[in-house]
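Next up, query.txt (compact mmCIF, C-alpha atoms and all ligand atoms):
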# COMPACT_ATOMS: atom_id res chain seq x y z
CA MET A 1 -20.91 -13.93 6.02
CA ARG A 2 -18.44 -11.83 4.11
CA ALA A 3 -19.09 -8.21 3.25
CA LYS A 4 -20.16 -7.65 -0.36
CA ILE A 5 -18.76 -4.44 -1.80
CA VAL A 6 -18.90 -2.50 -5.03
CA ALA A 7 -16.19 0.15 -5.03
CA ALA A 8 -15.67 2.93 -7.57
CA ASN A 9 -12.16 4.06 -8.44
CA TRP A 10 -12.56 7.41 -10.16
CA LYS A 11 -8.80 7.71 -10.70
CA MET A 12 -7.74 11.19 -11.90
CA ASN A 13 -11.06 12.19 -13.44
CA LYS A 14 -13.65 14.97 -12.98
CA ALA A 15 -13.47 18.55 -11.74
CA LEU A 16 -15.30 19.36 -8.50
CA PRO A 17 -18.73 20.25 -9.97
CA GLN A 18 -18.81 17.05 -12.03
CA ALA A 19 -17.59 15.02 -9.06
CA ILE A 20 -20.42 16.37 -6.89
CA GLU A 21 -22.93 15.75 -9.66
CA LEU A 22 -21.79 12.13 -10.05
CA MET A 23 -21.89 11.51 -6.29
CA GLN A 24 -25.37 13.04 -6.07
CA ALA A 25 -26.61 10.92 -8.96
CA ILE A 26 -25.24 7.81 -7.23
CA THR A 27 -26.79 8.60 -3.84
CA PHE A 28 -30.09 9.51 -5.53
CA GLY A 29 -30.08 6.15 -7.30
CA LEU A 30 -29.20 4.27 -4.12
CA ARG A 31 -32.02 5.99 -2.26
CA GLN A 32 -34.54 4.98 -4.96
CA ASN A 33 -33.23 1.47 -5.27
CA PRO A 34 -31.09 0.45 -2.29
CA ALA A 35 -28.16 -1.81 -3.04
CA SER A 36 -27.78 -4.99 -1.05
CA CYS A 37 -24.00 -4.47 -0.90
CA LYS A 38 -21.75 -1.79 0.56
CA VAL A 39 -20.96 0.99 -1.88
CA VAL A 40 -17.57 2.68 -1.66
CA ILE A 41 -16.49 5.67 -3.77
CA ALA A 42 -12.83 6.60 -4.26
CA PRO A 43 -12.59 10.13 -5.70
CA PRO A 44 -9.37 12.14 -6.03
CA PHE A 45 -7.95 13.37 -2.70
CA VAL A 46 -9.06 16.98 -3.13
CA TYR A 47 -12.75 16.00 -3.16
CA LEU A 48 -12.71 13.59 -0.22
CA GLU A 49 -14.00 15.94 2.45
CA ARG A 50 -16.66 17.48 0.21
CA LEU A 51 -17.91 14.14 -1.03
CA VAL A 52 -18.10 12.61 2.44
CA THR A 53 -20.81 15.23 3.14
CA GLU A 54 -22.75 14.02 0.09
CA THR A 55 -22.93 10.34 1.00
CA THR A 56 -25.72 10.69 3.62
CA GLY A 57 -25.02 7.20 4.91
CA LEU A 58 -25.65 5.57 1.53
CA ALA A 59 -22.02 5.09 0.57
CA GLU A 60 -18.57 5.27 2.10
CA VAL A 61 -15.66 7.24 0.77
CA ALA A 62 -12.18 5.91 0.02
CA ALA A 63 -8.86 7.48 -0.83
CA GLN A 64 -7.06 6.09 -3.87
CA ASN A 65 -3.70 6.07 -2.11
CA CYS A 66 -1.98 7.23 1.07
CA CYS A 67 1.57 8.06 2.07
CA SER A 68 3.71 5.33 3.61
CA ARG A 69 4.81 7.84 6.32
CA ASN A 70 2.82 9.29 9.18
CA ASN A 71 3.58 13.00 8.78
CA GLY A 72 6.43 15.40 8.22
CA ALA A 73 8.43 16.86 5.37
CA TYR A 74 6.98 14.86 2.46
CA THR A 75 5.88 17.54 0.04
CA GLY A 76 2.80 16.64 -1.95
CA GLU A 77 1.91 13.55 0.07
CA VAL A 78 -1.30 12.81 1.97
CA SER A 79 -1.25 10.72 5.14
CA ALA A 80 -3.67 8.04 6.32
CA GLY A 81 -4.36 10.20 9.39
CA MET A 82 -5.44 13.09 7.16
CA ILE A 83 -7.71 10.80 5.17
CA GLU A 84 -9.25 9.50 8.39
CA SER A 85 -9.72 13.04 9.68
CA VAL A 86 -11.94 14.03 6.74
CA GLY A 87 -14.25 11.06 7.24
CA ALA A 88 -13.10 8.62 4.58
CA THR A 89 -13.09 5.01 5.75
CA TYR A 90 -11.31 3.04 3.02
CA CYS A 91 -8.06 3.43 1.10
CA ILE A 92 -6.93 1.70 -2.07
CA VAL A 93 -3.37 0.40 -1.64
CA GLY A 94 -1.11 -1.07 -4.31
CA HIS A 95 -3.20 -0.34 -7.38
CA SER A 96 -1.26 -1.56 -10.41
CA GLU A 97 -1.06 1.98 -11.79
CA ARG A 98 0.74 3.05 -8.63
CA ARG A 99 2.99 0.00 -8.67
CA GLN A 100 3.92 0.62 -12.33
CA LEU A 101 3.91 4.41 -12.71
CA TYR A 102 5.07 5.39 -9.21
CA ALA A 103 7.34 2.42 -8.54
CA GLU A 104 5.58 1.31 -5.37
CA THR A 105 7.49 -1.65 -3.99
CA PRO A 106 6.31 -4.34 -1.55
CA ASP A 107 8.11 -2.52 1.31
CA VAL A 108 6.29 0.71 0.57
CA LEU A 109 2.98 -1.12 0.28
CA GLU A 110 3.54 -2.85 3.60
CA ALA A 111 4.11 0.55 5.24
CA LYS A 112 0.96 1.91 3.59
CA LEU A 113 -1.11 -1.00 4.89
CA GLN A 114 0.29 -0.36 8.37
CA ARG A 115 -0.69 3.33 8.13
CA CYS A 116 -4.22 2.31 7.11
CA TYR A 117 -4.57 -0.09 10.06
CA ASP A 118 -3.22 2.61 12.40
CA HIS A 119 -5.84 5.09 11.18
CA ASN A 120 -8.95 2.94 10.96
CA LEU A 121 -8.96 2.88 7.18
CA THR A 122 -9.93 -0.39 5.54
CA PRO A 123 -7.30 -0.98 2.87
CA ILE A 124 -8.44 -2.31 -0.49
CA PHE A 125 -5.22 -4.12 -1.32
CA CYS A 126 -4.81 -4.68 -5.07
CA ILE A 127 -2.97 -7.62 -6.57
CA GLY A 128 -2.86 -9.13 -10.04
CA GLU A 129 -0.60 -10.36 -12.79
CA ASN A 130 0.29 -8.56 -16.01
CA HIS A 131 -0.22 -9.82 -19.54
CA LEU A 132 3.20 -11.41 -19.91
CA GLU A 133 2.91 -13.20 -16.57
CA ARG A 134 -0.49 -14.58 -17.64
CA THR A 135 0.76 -15.75 -21.04
CA GLU A 136 3.74 -17.42 -19.37
CA GLU A 137 1.30 -19.05 -16.96
CA ARG A 138 2.97 -17.51 -13.94
CA HIS A 139 -0.18 -15.75 -12.70
CA PHE A 140 -0.72 -17.92 -9.64
CA GLU A 141 2.93 -17.60 -8.62
CA VAL A 142 2.87 -13.81 -9.08
CA VAL A 143 -0.30 -13.32 -7.07
CA ALA A 144 0.97 -15.63 -4.31
CA GLN A 145 4.14 -13.54 -4.07
CA GLN A 146 2.21 -10.27 -3.97
CA LEU A 147 0.33 -11.62 -0.96
CA GLU A 148 3.41 -13.08 0.66
CA TYR A 149 5.62 -9.99 0.32
CA VAL A 150 3.04 -7.61 1.76
CA LEU A 151 -0.14 -8.87 3.44
CA PHE A 152 1.45 -11.98 4.89
CA ASN A 153 3.81 -9.85 6.99
CA PHE A 154 0.84 -8.87 9.16
CA THR A 155 -1.02 -10.65 11.91
CA VAL A 156 -4.33 -12.35 11.31
CA GLU A 157 -6.04 -9.49 13.18
CA HIS A 158 -4.68 -6.97 10.72
CA ALA A 159 -5.33 -9.17 7.71
CA ALA A 160 -8.95 -9.44 8.87
CA LYS A 161 -9.32 -5.68 8.42
CA THR A 162 -8.35 -5.89 4.75
CA VAL A 163 -10.29 -6.13 1.52
CA ILE A 164 -8.42 -7.76 -1.35
CA ALA A 165 -8.98 -6.72 -4.97
CA TYR A 166 -7.82 -9.11 -7.66
CA GLU A 167 -7.16 -6.95 -10.70
CA PRO A 168 -5.39 -8.63 -13.61
CA VAL A 169 -3.35 -5.79 -15.09
CA TRP A 170 -4.17 -6.89 -18.64
CA ALA A 171 -7.86 -6.29 -17.91
CA ILE A 172 -7.56 -2.80 -16.41
CA GLY A 173 -8.90 -0.12 -18.72
CA THR A 174 -8.49 -2.41 -21.72
CA GLY A 175 -12.04 -3.65 -22.19
CA LEU A 176 -10.64 -7.18 -21.83
CA THR A 177 -12.31 -8.67 -18.78
CA ALA A 178 -11.20 -11.87 -17.13
CA SER A 179 -13.91 -14.43 -17.81
CA PRO A 180 -16.03 -15.31 -14.76
CA GLU A 181 -14.24 -18.69 -14.75
CA GLN A 182 -10.74 -17.14 -14.87
CA ALA A 183 -11.66 -14.70 -12.11
CA GLN A 184 -13.28 -17.38 -9.95
CA GLU A 185 -10.23 -19.64 -10.38
CA MET A 186 -7.93 -16.89 -9.09
CA HIS A 187 -10.26 -15.79 -6.28
CA SER A 188 -10.49 -19.34 -5.04
CA PHE A 189 -6.68 -19.61 -5.25
CA ILE A 190 -6.31 -16.39 -3.22
CA ARG A 191 -8.73 -17.72 -0.61
CA ARG A 192 -6.71 -20.93 -0.35
CA GLN A 193 -3.52 -18.92 0.15
CA ILE A 194 -5.24 -16.96 2.92
CA ALA A 195 -6.43 -20.21 4.51
CA THR A 196 -2.92 -21.66 4.51
CA LYS A 197 -1.39 -18.54 6.03
CA PHE A 198 -4.11 -17.26 8.35
CA GLY A 199 -6.57 -20.14 8.75
CA GLN A 200 -9.88 -21.15 7.25
CA GLU A 201 -11.97 -18.75 9.30
CA LEU A 202 -10.34 -15.67 7.80
CA ALA A 203 -10.33 -17.25 4.34
CA ASP A 204 -14.09 -17.71 4.63
CA ASN A 205 -14.65 -14.16 5.85
CA ILE A 206 -12.29 -11.98 3.82
CA THR A 207 -13.83 -9.97 0.99
CA ILE A 208 -12.18 -10.44 -2.41
CA LEU A 209 -13.23 -8.03 -5.17
CA TYR A 210 -12.67 -8.40 -8.89
CA GLY A 211 -11.44 -5.42 -10.92
CA GLY A 212 -10.57 -4.93 -14.57
CA SER A 213 -13.08 -3.76 -17.19
CA CYS A 214 -16.00 -4.82 -15.04
CA ASN A 215 -19.09 -3.09 -16.42
CA ALA A 216 -22.89 -3.09 -16.40
CA GLN A 217 -22.97 -5.88 -18.99
CA ASN A 218 -20.50 -8.34 -17.51
CA ALA A 219 -20.88 -7.70 -13.75
CA ALA A 220 -23.73 -10.20 -13.26
CA GLY A 221 -21.67 -13.08 -14.67
CA LEU A 222 -18.70 -12.25 -12.44
CA PHE A 223 -20.72 -11.62 -9.29
CA THR A 224 -22.53 -14.96 -9.39
CA LYS A 225 -19.22 -16.78 -8.85
CA GLU A 226 -18.92 -18.05 -5.31
CA ASP A 227 -15.56 -16.51 -4.42
CA ILE A 228 -16.20 -13.09 -6.00
CA ASP A 229 -17.57 -10.72 -3.36
CA GLY A 230 -17.96 -7.64 -5.53
CA GLY A 231 -15.98 -5.35 -7.78
CA LEU A 232 -13.52 -2.49 -7.99
CA ILE A 233 -14.80 -0.47 -10.91
CA GLY A 234 -12.83 2.10 -12.89
CA GLY A 235 -14.20 3.41 -16.20
CA ALA A 236 -17.77 2.17 -15.72
CA ALA A 237 -17.97 3.93 -12.35
CA LEU A 238 -17.76 7.34 -14.02
CA VAL A 239 -21.31 7.00 -15.36
CA ALA A 240 -23.90 6.94 -12.56
CA ASP A 241 -26.42 4.67 -14.30
CA ASP A 242 -23.77 2.10 -15.20
CA PHE A 243 -22.31 2.13 -11.71
CA LEU A 244 -25.75 1.80 -10.09
CA LYS A 245 -26.57 -1.11 -12.37
CA ILE A 246 -23.35 -2.83 -11.27
CA CYS A 247 -24.25 -2.23 -7.60
CA ASN A 248 -27.63 -3.83 -8.19
CA GLU A 249 -26.09 -6.91 -9.78
CA LEU A 250 -24.43 -7.84 -6.49
CA ARG A 251 -26.84 -9.73 -4.27
P1 LIG B 301 -11.31 -0.40 -15.11
O1 LIG B 301 -10.37 -0.06 -13.87
O2 LIG B 301 -12.64 -0.84 -14.56
O3 LIG B 301 -11.41 0.88 -15.89
O4 LIG B 301 -10.65 -1.49 -15.89
C1 LIG B 301 -10.40 -0.86 -12.72
C2 LIG B 301 -9.36 -0.38 -11.75
O5 LIG B 301 -8.30 0.11 -12.19
O6 LIG B 301 -9.54 -0.46 -10.53

Would you give me this structure, written as structure tokens?
Amino acid sequence: MRAKIVAANWKMNKALPQAIELMQAITFGLRQNPASCKVVIAPPFVYLERLVTETTGLAEVAAQNCCSRNNGAYTGEVSAGMIESVGATYCIVGHSERRQLYAETPDVLEAKLQRCYDHNLTPIFCIGENHLERTEERHFEVVAQQLEYVLFNFTVEHAAKTVIAYEPVWAIGTGLTASPEQAQEMHSFIRRQIATKFGQELADNITILYGGSCNAQNAAGLFTKEDIDGGLIGGAALVADDFLKICNELR
């Protein structure tokens, strides 16, 4: 049985009081109406420690990024060990915004995954094609390469500690969601790639999330697809009621 997860990526939103309020509204909702999936919240770094204290066992906390190095003179960076030390248990790695805006290369992402494995953080490793790659029908090739250049450099034991998030870049923050059929087609492709590289057992057990304009209206359609094990939610995760509704759509 693979883990079912709904994860919230708050990105660079909310000041501390609003972040606490949102977390409290989410935990209140989960207490009233428990979700049958794991719930993971990725706030900005500065709120990690504070928000871990708010989860009361109802959710887990993720970082949105970590440094590719362990420690040292890297001004402004935050290490996986620091994230672990404040009680967060997941870390998003390779989000398309980081790949595009902060030039994160496969080498850097490989180092970040290694840091996560070293510090007991479950990486949520993001992959997905952009609009041009989709229109040129290169999306399968692109996603296969993203796996090959990064995740496939690890052992099966490490890969087994990973959550994959398929996030077509053209769907992120655009309101354009992949249809359930498009998402399922890619999730099943990713699972086949995992099977070829690491074997069927891992392919059957690895969690693959969908991300990209997933919201309270379209989550049910996506989550009923057999290879979609949950979602990585951006915009819709900033409103507690919408996020809770999405959590409740995953059974
Ligand atoms: P979105 O973001 O739900 O706002 O499209 C998803 C993500 O970037 O993880």

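Take the candidates A:Met1, A:Ala203, A:Val39, A:Ala178 and check each one against ligand LIG 301 (chain B) using all atoms listed in the file; the shortest distance goes to A:Ala178.
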
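For the pair atom CA of Ile190 of chain A and atom CA of Ala160 of chain A, the separation is 14.2 Å.
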
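Minimum distance to Arg99 of chain A across A:Cys67, A:Leu113, A:Ile26, A:Cys126 (counting all atoms listed in the file) occurs at A:Cys126.
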
Write out as JSON lines the residues of chain A that have any atom within 8 Å of an atom of ligand LIG 301 (chain B), one row each with the nearest atom pair and its distance in Å to one decimal, counting only C-alpha atoms and all ligand atoms, sorted by chain and then rising number.
{"residue": "A:Ala8", "atom": "CA", "partner": "B:LIG301", "partner_atom": "O6", "distance": 7.6}
{"residue": "A:Asn9", "atom": "CA", "partner": "B:LIG301", "partner_atom": "O6", "distance": 5.6}
{"residue": "A:Lys11", "atom": "CA", "partner": "B:LIG301", "partner_atom": "O5", "distance": 7.8}
{"residue": "A:His95", "atom": "CA", "partner": "B:LIG301", "partner_atom": "O5", "distance": 7.0}
{"residue": "A:Ser96", "atom": "CA", "partner": "B:LIG301", "partner_atom": "O5", "distance": 7.5}
{"residue": "A:Glu97", "atom": "CA", "partner": "B:LIG301", "partner_atom": "O5", "distance": 7.5}
{"residue": "A:Glu167", "atom": "CA", "partner": "B:LIG301", "partner_atom": "O6", "distance": 6.9}
{"residue": "A:Ala171", "atom": "CA", "partner": "B:LIG301", "partner_atom": "O4", "distance": 5.9}
{"residue": "A:Ile172", "atom": "CA", "partner": "B:LIG301", "partner_atom": "O4", "distance": 3.4}
{"residue": "A:Gly173", "atom": "CA", "partner": "B:LIG301", "partner_atom": "O4", "distance": 3.6}
{"residue": "A:Thr174", "atom": "CA", "partner": "B:LIG301", "partner_atom": "O4", "distance": 6.3}
{"residue": "A:Gly175", "atom": "CA", "partner": "B:LIG301", "partner_atom": "O4", "distance": 6.8}
{"residue": "A:Thr177", "atom": "CA", "partner": "B:LIG301", "partner_atom": "O4", "distance": 7.9}
{"residue": "A:Gly211", "atom": "CA", "partner": "B:LIG301", "partner_atom": "C1", "distance": 5.0}
{"residue": "A:Gly212", "atom": "CA", "partner": "B:LIG301", "partner_atom": "O4", "distance": 3.7}
{"residue": "A:Ser213", "atom": "CA", "partner": "B:LIG301", "partner_atom": "O4", "distance": 3.6}
{"residue": "A:Cys214", "atom": "CA", "partner": "B:LIG301", "partner_atom": "O2", "distance": 5.2}
{"residue": "A:Asn215", "atom": "CA", "partner": "B:LIG301", "partner_atom": "O2", "distance": 7.1}
{"residue": "A:Leu232", "atom": "CA", "partner": "B:LIG301", "partner_atom": "O6", "distance": 5.1}
{"residue": "A:Ile233", "atom": "CA", "partner": "B:LIG301", "partner_atom": "O2", "distance": 4.3}
{"residue": "A:Gly234", "atom": "CA", "partner": "B:LIG301", "partner_atom": "O2", "distance": 3.4}
{"residue": "A:Gly235", "atom": "CA", "partner": "B:LIG301", "partner_atom": "O3", "distance": 3.8}
{"residue": "A:Ala236", "atom": "CA", "partner": "B:LIG301", "partner_atom": "O2", "distance": 6.1}
{"residue": "A:Ala237", "atom": "CA", "partner": "B:LIG301", "partner_atom": "O2", "distance": 7.5}

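Of the listed residues (A:Ala35, A:Leu51, A:Cys66, A:Leu176), A:Leu51 comes nearest to Ile20 of chain A; the distances count only C-alpha atoms.
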
Fill in the blank from the handout: Separating atom CA of Tyr47 of chain A from atom CA of Ala7 of chain A, to the nearest tenth of an Å, is a gap of 16.3 Å
